[in-house]
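This is input.pdb (PDB, N, CA and C atoms).
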```pdb
ATOM      1  N   MET A   1     -28.846 -28.701  54.072
ATOM      2  CA  MET A   1     -29.648 -27.600  54.549
ATOM      3  C   MET A   1     -29.506 -26.385  53.639
ATOM      4  N   GLU A   2     -28.324 -26.189  53.051
ATOM      5  CA  GLU A   2     -28.116 -25.044  52.161
ATOM      6  C   GLU A   2     -29.018 -25.128  50.940
ATOM      7  N   LEU A   3     -29.300 -26.346  50.477
ATOM      8  CA  LEU A   3     -30.158 -26.529  49.322
ATOM      9  C   LEU A   3     -31.556 -25.985  49.604
ATOM     10  N   TYR A   4     -32.055 -26.213  50.799
ATOM     11  CA  TYR A   4     -33.389 -25.752  51.140
ATOM     12  C   TYR A   4     -33.447 -24.236  51.212
ATOM     13  N   HIS A   5     -32.370 -23.603  51.702
ATOM     14  CA  HIS A   5     -32.322 -22.145  51.752
ATOM     15  C   HIS A   5     -32.227 -21.579  50.337
ATOM     16  N   ALA A   6     -31.473 -22.234  49.473
ATOM     17  CA  ALA A   6     -31.358 -21.780  48.088
ATOM     18  C   ALA A   6     -32.692 -21.903  47.373
ATOM     19  N   ALA A   7     -33.455 -22.920  47.715
ATOM     20  CA  ALA A   7     -34.745 -23.136  47.062
ATOM     21  C   ALA A   7     -35.763 -22.080  47.456
ATOM     22  N   THR A   8     -35.633 -21.529  48.635
ATOM     23  CA  THR A   8     -36.616 -20.542  49.075
ATOM     24  C   THR A   8     -36.227 -19.125  48.712
ATOM     25  N   SER A   9     -35.004 -18.913  48.228
ATOM     26  CA  SER A   9     -34.613 -17.565  47.833
ATOM     27  C   SER A   9     -35.047 -17.320  46.389
ATOM     28  N   SER A  10     -35.238 -16.070  46.042
ATOM     29  CA  SER A  10     -35.690 -15.741  44.694
ATOM     30  C   SER A  10     -34.500 -15.661  43.752
ATOM     31  N   PRO A  11     -34.744 -15.845  42.434
ATOM     32  CA  PRO A  11     -33.637 -15.763  41.477
ATOM     33  C   PRO A  11     -33.022 -14.367  41.486
ATOM     34  N   ARG A  12     -31.694 -14.312  41.331
ATOM     35  CA  ARG A  12     -30.991 -13.031  41.341
ATOM     36  C   ARG A  12     -30.491 -12.709  39.949
ATOM     37  N   GLY A  13     -30.113 -11.476  39.751
ATOM     38  CA  GLY A  13     -29.540 -11.070  38.479
ATOM     39  C   GLY A  13     -30.359  -9.979  37.839
ATOM     40  N   PRO A  14     -30.001  -9.624  36.598
ATOM     41  CA  PRO A  14     -30.673  -8.523  35.928
ATOM     42  C   PRO A  14     -32.133  -8.813  35.619
ATOM     43  N   GLY A  15     -32.488 -10.042  35.471
ATOM     44  CA  GLY A  15     -33.878 -10.407  35.195
ATOM     45  C   GLY A  15     -33.968 -11.907  35.026
ATOM     46  N   PRO A  16     -35.121 -12.471  35.321
ATOM     47  CA  PRO A  16     -35.247 -13.922  35.201
ATOM     48  C   PRO A  16     -35.175 -14.360  33.744
ATOM     49  N   THR A  17     -34.460 -15.442  33.514
ATOM     50  CA  THR A  17     -34.368 -16.022  32.186
ATOM     51  C   THR A  17     -35.168 -17.319  32.177
ATOM     52  N   PHE A  18     -35.293 -17.898  31.000
ATOM     53  CA  PHE A  18     -36.027 -19.156  30.864
ATOM     54  C   PHE A  18     -35.476 -20.213  31.815
ATOM     55  N   HIS A  19     -34.161 -20.367  31.813
ATOM     56  CA  HIS A  19     -33.553 -21.417  32.638
ATOM     57  C   HIS A  19     -33.582 -21.055  34.122
ATOM     58  N   SER A  20     -33.372 -19.796  34.470
ATOM     59  CA  SER A  20     -33.351 -19.437  35.892
ATOM     60  C   SER A  20     -34.725 -19.645  36.522
ATOM     61  N   ILE A  21     -35.791 -19.414  35.765
ATOM     62  CA  ILE A  21     -37.144 -19.655  36.283
ATOM     63  C   ILE A  21     -37.344 -21.147  36.538
ATOM     64  N   HIS A  22     -36.875 -21.987  35.598
ATOM     65  CA  HIS A  22     -37.010 -23.440  35.788
ATOM     66  C   HIS A  22     -36.170 -23.920  36.972
ATOM     67  N   ILE A  23     -34.982 -23.381  37.130
ATOM     68  CA  ILE A  23     -34.131 -23.770  38.260
ATOM     69  C   ILE A  23     -34.825 -23.420  39.566
ATOM     70  N   TYR A  24     -35.324 -22.201  39.660
ATOM     71  CA  TYR A  24     -36.012 -21.740  40.871
ATOM     72  C   TYR A  24     -37.241 -22.610  41.171
ATOM     73  N   ASN A  25     -38.056 -22.884  40.140
ATOM     74  CA  ASN A  25     -39.263 -23.698  40.338
ATOM     75  C   ASN A  25     -38.918 -25.126  40.758
ATOM     76  N   SER A  26     -37.885 -25.701  40.153
ATOM     77  CA  SER A  26     -37.503 -27.075  40.490
ATOM     78  C   SER A  26     -36.985 -27.171  41.922
ATOM     79  N   LEU A  27     -36.178 -26.195  42.333
ATOM     80  CA  LEU A  27     -35.677 -26.214  43.710
ATOM     81  C   LEU A  27     -36.796 -25.993  44.719
ATOM     82  N   ASN A  28     -37.759 -25.155  44.390
ATOM     83  CA  ASN A  28     -38.913 -24.960  45.277
ATOM     84  C   ASN A  28     -39.721 -26.250  45.396
ATOM     85  N   ARG A  29     -39.899 -26.940  44.266
ATOM     86  CA  ARG A  29     -40.642 -28.200  44.293
ATOM     87  C   ARG A  29     -39.901 -29.230  45.136
ATOM     88  N   ALA A  30     -38.590 -29.317  44.988
ATOM     89  CA  ALA A  30     -37.802 -30.255  45.788
ATOM     90  C   ALA A  30     -37.937 -29.926  47.267
ATOM     91  N   SER A  31     -37.925 -28.654  47.597
ATOM     92  CA  SER A  31     -38.061 -28.249  48.992
ATOM     93  C   SER A  31     -39.427 -28.639  49.548
ATOM     94  N   ARG A  32     -40.475 -28.405  48.749
ATOM     95  CA  ARG A  32     -41.834 -28.749  49.202
ATOM     96  C   ARG A  32     -42.001 -30.257  49.380
ATOM     97  N   LYS A  33     -41.435 -31.049  48.467
ATOM     98  CA  LYS A  33     -41.614 -32.505  48.514
ATOM     99  C   LYS A  33     -40.777 -33.155  49.608
ATOM    100  N   SER A  34     -39.707 -32.505  50.034
ATOM    101  CA  SER A  34     -38.848 -33.130  51.037
ATOM    102  C   SER A  34     -39.271 -32.768  52.462
ATOM    103  N   PHE A  35     -40.028 -31.684  52.615
ATOM    104  CA  PHE A  35     -40.441 -31.284  53.958
ATOM    105  C   PHE A  35     -41.761 -31.966  54.302
ATOM    106  N   VAL A  36     -41.756 -32.739  55.370
ATOM    107  CA  VAL A  36     -42.944 -33.464  55.809
ATOM    108  C   VAL A  36     -43.170 -33.154  57.280
ATOM    109  N   ARG A  37     -44.388 -32.779  57.615
ATOM    110  CA  ARG A  37     -44.737 -32.541  59.018
ATOM    111  C   ARG A  37     -45.205 -33.869  59.623
ATOM    112  N   ALA A  38     -44.297 -34.520  60.289
ATOM    113  CA  ALA A  38     -44.608 -35.796  60.937
ATOM    114  C   ALA A  38     -43.542 -36.052  61.993
ATOM    115  N   ALA A  39     -43.818 -37.038  62.817
ATOM    116  CA  ALA A  39     -42.837 -37.419  63.829
ATOM    117  C   ALA A  39     -41.562 -37.887  63.120
ATOM    118  N   LYS A  40     -40.434 -37.636  63.750
ATOM    119  CA  LYS A  40     -39.141 -37.885  63.101
ATOM    120  C   LYS A  40     -38.992 -39.295  62.513
ATOM    121  N   PRO A  41     -39.367 -40.351  63.172
ATOM    122  CA  PRO A  41     -39.171 -41.675  62.556
ATOM    123  C   PRO A  41     -40.026 -41.890  61.301
ATOM    124  N   LEU A  42     -41.125 -41.141  61.156
ATOM    125  CA  LEU A  42     -42.026 -41.351  60.015
ATOM    126  C   LEU A  42     -41.709 -40.440  58.826
ATOM    127  N   ARG A  43     -40.875 -39.457  59.007
ATOM    128  CA  ARG A  43     -40.600 -38.494  57.931
ATOM    129  C   ARG A  43     -40.046 -39.176  56.684
ATOM    130  N   ARG A  44     -39.120 -40.101  56.872
ATOM    131  CA  ARG A  44     -38.516 -40.764  55.713
ATOM    132  C   ARG A  44     -39.541 -41.570  54.929
ATOM    133  N   LEU A  45     -40.512 -42.138  55.606
ATOM    134  CA  LEU A  45     -41.529 -42.935  54.926
ATOM    135  C   LEU A  45     -42.493 -42.057  54.138
ATOM    136  N   LEU A  46     -42.753 -40.855  54.628
ATOM    137  CA  LEU A  46     -43.748 -39.987  54.004
ATOM    138  C   LEU A  46     -43.165 -39.033  52.962
ATOM    139  N   ARG A  47     -41.864 -38.875  52.970
ATOM    140  CA  ARG A  47     -41.240 -37.952  52.026
ATOM    141  C   ARG A  47     -41.279 -38.549  50.620
ATOM    142  N   ASN A  48     -41.544 -37.717  49.637
ATOM    143  CA  ASN A  48     -41.607 -38.150  48.241
ATOM    144  C   ASN A  48     -40.227 -37.988  47.617
ATOM    145  N   GLN A  49     -39.323 -38.918  47.882
ATOM    146  CA  GLN A  49     -37.931 -38.798  47.451
ATOM    147  C   GLN A  49     -37.793 -38.817  45.932
ATOM    148  N   GLY A  50     -38.669 -39.547  45.251
ATOM    149  CA  GLY A  50     -38.610 -39.584  43.790
ATOM    150  C   GLY A  50     -38.852 -38.211  43.183
ATOM    151  N   ALA A  51     -39.827 -37.488  43.722
ATOM    152  CA  ALA A  51     -40.113 -36.136  43.228
ATOM    153  C   ALA A  51     -38.963 -35.185  43.556
ATOM    154  N   VAL A  52     -38.346 -35.373  44.713
ATOM    155  CA  VAL A  52     -37.204 -34.539  45.095
ATOM    156  C   VAL A  52     -36.058 -34.764  44.116
ATOM    157  N   ASN A  53     -35.742 -36.030  43.855
ATOM    158  CA  ASN A  53     -34.656 -36.352  42.928
ATOM    159  C   ASN A  53     -34.942 -35.824  41.526
ATOM    160  N   GLU A  54     -36.174 -36.000  41.061
ATOM    161  CA  GLU A  54     -36.562 -35.523  39.733
ATOM    162  C   GLU A  54     -36.430 -34.001  39.644
ATOM    163  N   SER A  55     -36.843 -33.305  40.678
ATOM    164  CA  SER A  55     -36.748 -31.846  40.687
ATOM    165  C   SER A  55     -35.303 -31.377  40.692
ATOM    166  N   LEU A  56     -34.451 -32.058  41.453
ATOM    167  CA  LEU A  56     -33.037 -31.688  41.489
ATOM    168  C   LEU A  56     -32.351 -31.955  40.157
ATOM    169  N   ILE A  57     -32.702 -33.053  39.513
ATOM    170  CA  ILE A  57     -32.144 -33.360  38.195
ATOM    171  C   ILE A  57     -32.581 -32.308  37.187
ATOM    172  N   ASP A  58     -33.855 -31.907  37.244
ATOM    173  CA  ASP A  58     -34.357 -30.869  36.345
ATOM    174  C   ASP A  58     -33.635 -29.542  36.586
ATOM    175  N   ALA A  59     -33.414 -29.203  37.845
ATOM    176  CA  ALA A  59     -32.705 -27.962  38.175
ATOM    177  C   ALA A  59     -31.269 -28.010  37.643
ATOM    178  N   LEU A  60     -30.592 -29.138  37.803
ATOM    179  CA  LEU A  60     -29.220 -29.272  37.300
ATOM    180  C   LEU A  60     -29.165 -29.206  35.773
ATOM    181  N   TYR A  61     -30.159 -29.787  35.107
ATOM    182  CA  TYR A  61     -30.214 -29.725  33.651
ATOM    183  C   TYR A  61     -30.302 -28.267  33.191
ATOM    184  N   HIS A  62     -31.216 -27.515  33.793
ATOM    185  CA  HIS A  62     -31.388 -26.121  33.387
ATOM    186  C   HIS A  62     -30.190 -25.264  33.784
ATOM    187  N   LEU A  63     -29.566 -25.573  34.896
ATOM    188  CA  LEU A  63     -28.356 -24.856  35.301
ATOM    189  C   LEU A  63     -27.238 -25.102  34.283
ATOM    190  N   SER A  64     -27.121 -26.336  33.830
ATOM    191  CA  SER A  64     -26.114 -26.675  32.824
ATOM    192  C   SER A  64     -26.404 -25.959  31.502
ATOM    193  N   ALA A  65     -27.668 -25.946  31.089
ATOM    194  CA  ALA A  65     -28.039 -25.275  29.837
ATOM    195  C   ALA A  65     -27.786 -23.772  29.926
ATOM    196  N   GLN A  66     -28.094 -23.181  31.065
ATOM    197  CA  GLN A  66     -27.866 -21.754  31.254
ATOM    198  C   GLN A  66     -26.363 -21.444  31.232
ATOM    199  N   THR A  67     -25.573 -22.303  31.839
ATOM    200  CA  THR A  67     -24.123 -22.131  31.839
ATOM    201  C   THR A  67     -23.573 -22.223  30.421
ATOM    202  N   GLN A  68     -24.076 -23.167  29.635
ATOM    203  CA  GLN A  68     -23.631 -23.316  28.244
ATOM    204  C   GLN A  68     -23.977 -22.062  27.440
ATOM    205  N   GLU A  69     -25.169 -21.504  27.639
ATOM    206  CA  GLU A  69     -25.551 -20.276  26.946
ATOM    207  C   GLU A  69     -24.622 -19.126  27.326
ATOM    208  N   MET A  70     -24.264 -19.040  28.593
ATOM    209  CA  MET A  70     -23.362 -17.987  29.048
ATOM    210  C   MET A  70     -21.976 -18.154  28.427
ATOM    211  N   ILE A  71     -21.502 -19.387  28.307
ATOM    212  CA  ILE A  71     -20.197 -19.645  27.688
ATOM    213  C   ILE A  71     -20.216 -19.203  26.231
ATOM    214  N   GLU A  72     -21.290 -19.513  25.520
ATOM    215  CA  GLU A  72     -21.395 -19.116  24.120
ATOM    216  C   GLU A  72     -21.434 -17.589  23.981
ATOM    217  N   GLU A  73     -22.188 -16.921  24.852
ATOM    218  CA  GLU A  73     -22.251 -15.461  24.806
ATOM    219  C   GLU A  73     -20.897 -14.839  25.142
ATOM    220  N   MET A  74     -20.185 -15.417  26.097
ATOM    221  CA  MET A  74     -18.869 -14.901  26.452
ATOM    222  C   MET A  74     -17.888 -15.082  25.292
ATOM    223  N   SER A  75     -17.964 -16.192  24.585
ATOM    224  CA  SER A  75     -17.092 -16.420  23.422
ATOM    225  C   SER A  75     -17.381 -15.393  22.336
ATOM    226  N   GLU A  76     -18.662 -15.115  22.111
ATOM    227  CA  GLU A  76     -19.040 -14.111  21.118
ATOM    228  C   GLU A  76     -18.526 -12.726  21.522
ATOM    229  N   LEU A  77     -18.680 -12.384  22.788
ATOM    230  CA  LEU A  77     -18.185 -11.095  23.274
ATOM    231  C   LEU A  77     -16.666 -11.002  23.176
ATOM    232  N   GLN A  78     -15.991 -12.099  23.457
ATOM    233  CA  GLN A  78     -14.534 -12.120  23.361
ATOM    234  C   GLN A  78     -14.086 -11.891  21.919
ATOM    235  N   GLY A  79     -14.801 -12.472  20.965
ATOM    236  CA  GLY A  79     -14.503 -12.254  19.553
ATOM    237  C   GLY A  79     -14.722 -10.799  19.151
ATOM    238  N   ARG A  80     -15.811 -10.221  19.615
ATOM    239  CA  ARG A  80     -16.081  -8.812  19.310
ATOM    240  C   ARG A  80     -15.012  -7.905  19.926
ATOM    241  N   LEU A  81     -14.619  -8.200  21.141
ATOM    242  CA  LEU A  81     -13.584  -7.403  21.809
ATOM    243  C   LEU A  81     -12.264  -7.498  21.055
ATOM    244  N   SER A  82     -11.919  -8.666  20.589
ATOM    245  CA  SER A  82     -10.690  -8.855  19.827
ATOM    246  C   SER A  82     -10.736  -8.031  18.534
ATOM    247  N   THR A  83     -11.887  -8.029  17.870
ATOM    248  CA  THR A  83     -12.049  -7.235  16.647
ATOM    249  C   THR A  83     -11.883  -5.752  16.942
ATOM    250  N   LEU A  84     -12.491  -5.287  18.033
ATOM    251  CA  LEU A  84     -12.368  -3.876  18.412
ATOM    252  C   LEU A  84     -10.924  -3.508  18.749
ATOM    253  N   GLN A  85     -10.224  -4.393  19.437
ATOM    254  CA  GLN A  85      -8.825  -4.116  19.766
ATOM    255  C   GLN A  85      -7.983  -3.996  18.494
ATOM    256  N   THR A  86      -8.241  -4.843  17.529
ATOM    257  CA  THR A  86      -7.515  -4.775  16.255
ATOM    258  C   THR A  86      -7.812  -3.456  15.544
ATOM    259  N   GLN A  87      -9.082  -3.051  15.534
ATOM    260  CA  GLN A  87      -9.453  -1.787  14.892
ATOM    261  C   GLN A  87      -8.804  -0.599  15.593
ATOM    262  N   ILE A  88      -8.728  -0.637  16.907
ATOM    263  CA  ILE A  88      -8.102   0.457  17.667
ATOM    264  C   ILE A  88      -6.616   0.531  17.354
ATOM    265  N   ARG A  89      -5.961  -0.612  17.272
ATOM    266  CA  ARG A  89      -4.531  -0.634  16.942
ATOM    267  C   ARG A  89      -4.272  -0.023  15.563
ATOM    268  N   LEU A  90      -5.166  -0.283  14.615
ATOM    269  CA  LEU A  90      -4.999   0.262  13.263
ATOM    270  C   LEU A  90      -5.229   1.771  13.233
ATOM    271  N   LEU A  91      -6.085   2.279  14.087
ATOM    272  CA  LEU A  91      -6.379   3.713  14.111
ATOM    273  C   LEU A  91      -5.388   4.512  14.947
ATOM    274  N   ARG A  92      -4.765   3.897  15.908
ATOM    275  CA  ARG A  92      -3.850   4.578  16.823
ATOM    276  C   ARG A  92      -2.501   4.790  16.139
ATOM    277  N   PRO A  93      -1.968   6.038  16.171
ATOM    278  CA  PRO A  93      -0.656   6.272  15.565
ATOM    279  C   PRO A  93       0.437   5.566  16.360
ATOM    280  N   GLU A  94       1.442   5.112  15.652
ATOM    281  CA  GLU A  94       2.575   4.430  16.282
ATOM    282  C   GLU A  94       3.409   5.427  17.090
ATOM    283  N   ALA A  95       4.140   4.946  18.047
ATOM    284  CA  ALA A  95       4.976   5.806  18.884
ATOM    285  C   ALA A  95       6.131   6.408  18.091
ATOM    286  N   GLY A  96       6.567   5.769  17.016
ATOM    287  CA  GLY A  96       7.691   6.255  16.222
ATOM    288  C   GLY A  96       7.317   7.334  15.230
ATOM    289  N   GLY A  97       6.089   7.800  15.225
ATOM    290  CA  GLY A  97       5.674   8.864  14.331
ATOM    291  C   GLY A  97       5.198   8.365  12.982
ATOM    292  N   ALA A  98       4.790   7.105  12.868
ATOM    293  CA  ALA A  98       4.344   6.560  11.589
ATOM    294  C   ALA A  98       2.926   7.006  11.250
ATOM    295  N   GLY A  99       2.204   7.514  12.221
ATOM    296  CA  GLY A  99       0.821   7.932  11.986
ATOM    297  C   GLY A  99       0.757   9.317  11.387
ATOM    298  N   PRO A 100      -0.438   9.800  11.139
ATOM    299  CA  PRO A 100      -0.596  11.139  10.561
ATOM    300  C   PRO A 100      -0.127  12.196  11.546
ATOM    301  N   THR A 101       0.509  13.238  11.021
ATOM    302  CA  THR A 101       1.003  14.310  11.889
ATOM    303  C   THR A 101      -0.003  15.433  11.945
ATOM    304  N   PRO A 102      -0.183  16.037  13.093
ATOM    305  CA  PRO A 102      -1.152  17.142  13.190
ATOM    306  C   PRO A 102      -0.592  18.381  12.499
ATOM    307  N   THR A 103      -1.457  19.152  11.897
ATOM    308  CA  THR A 103      -1.035  20.380  11.227
ATOM    309  C   THR A 103      -1.289  21.568  12.142
ATOM    310  N   LEU A 104      -0.391  22.504  12.134
ATOM    311  CA  LEU A 104      -0.518  23.721  12.954
ATOM    312  C   LEU A 104      -1.012  24.864  12.081
ATOM    313  N   LYS A 105      -1.901  25.638  12.592
ATOM    314  CA  LYS A 105      -2.411  26.801  11.851
ATOM    315  C   LYS A 105      -2.155  28.070  12.594
TER     316      LYS A 105
END
```

Translate this structure into structure tokens?
Amino acid sequence: MELYHAATSSPRGPGPTFHSIHIYNSLNRASRKSFVRAAKPLRRLLRNQGAVNESLIDALYHLSAQTQEMIEEMSELQGRLSTLQTQIRLLRPEAGGAGPTPTLK
């Protein structure tokens, strides 16, 4: 049941990305294909399970691709942060007075 609620909610975050749009569309399609207005014993016969499975697989593919992109961006940011920390250490005077001393006027 949670899958159906997730399919009807809109994508969240700073803005839709290529993969988030595909994930949202695939989950909506799965929700539409699995819901059948019929008497309970006939629902299983009328539901398009192949389309539901295909849509869920497509959503998982795009979710995986989006996650991989986020991992790559986080690695790049981590590298930049490490570089900045090194630069800050080089600019910051040491506690023992090894850095430049201020002049008084």

Report the residues retrieved by the PyMOL selection byres ((chain A and resi 47) around 7) from the displayed file, expressed as a PyMOL selection string.
chain A and resi 33-36+42-46+48-50

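Across the structure, atom N of A:Asn25 and atom N of A:Ser75 are spaced 26.3 Å apart.
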
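In this structure, atom N of A:Gln68 sits 18.5 Å away from atom CA of A:Leu27.
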
Write out as a count of residues only the residues lying within 6 Å of stretch 15-21 of chain A, counting all atoms listed in the file and excluding same-chain residues fewer than 5 positions away.
3

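One finds atom CA of A:Leu56 at 10.8 Å from atom CA of A:His22.
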
With 3 Å on each side, where is the centre of the axis-aligned box around all listed atoms of stretch 80-91 of chain A, and how long are its edges in Å to one decimal, as lines of an AutoDock Vina configuration file?
```
center_x = -10.2
center_y = -2.9
center_z = 17.5
size_x = 17.8
size_y = 20.7
size_z = 14.6
```
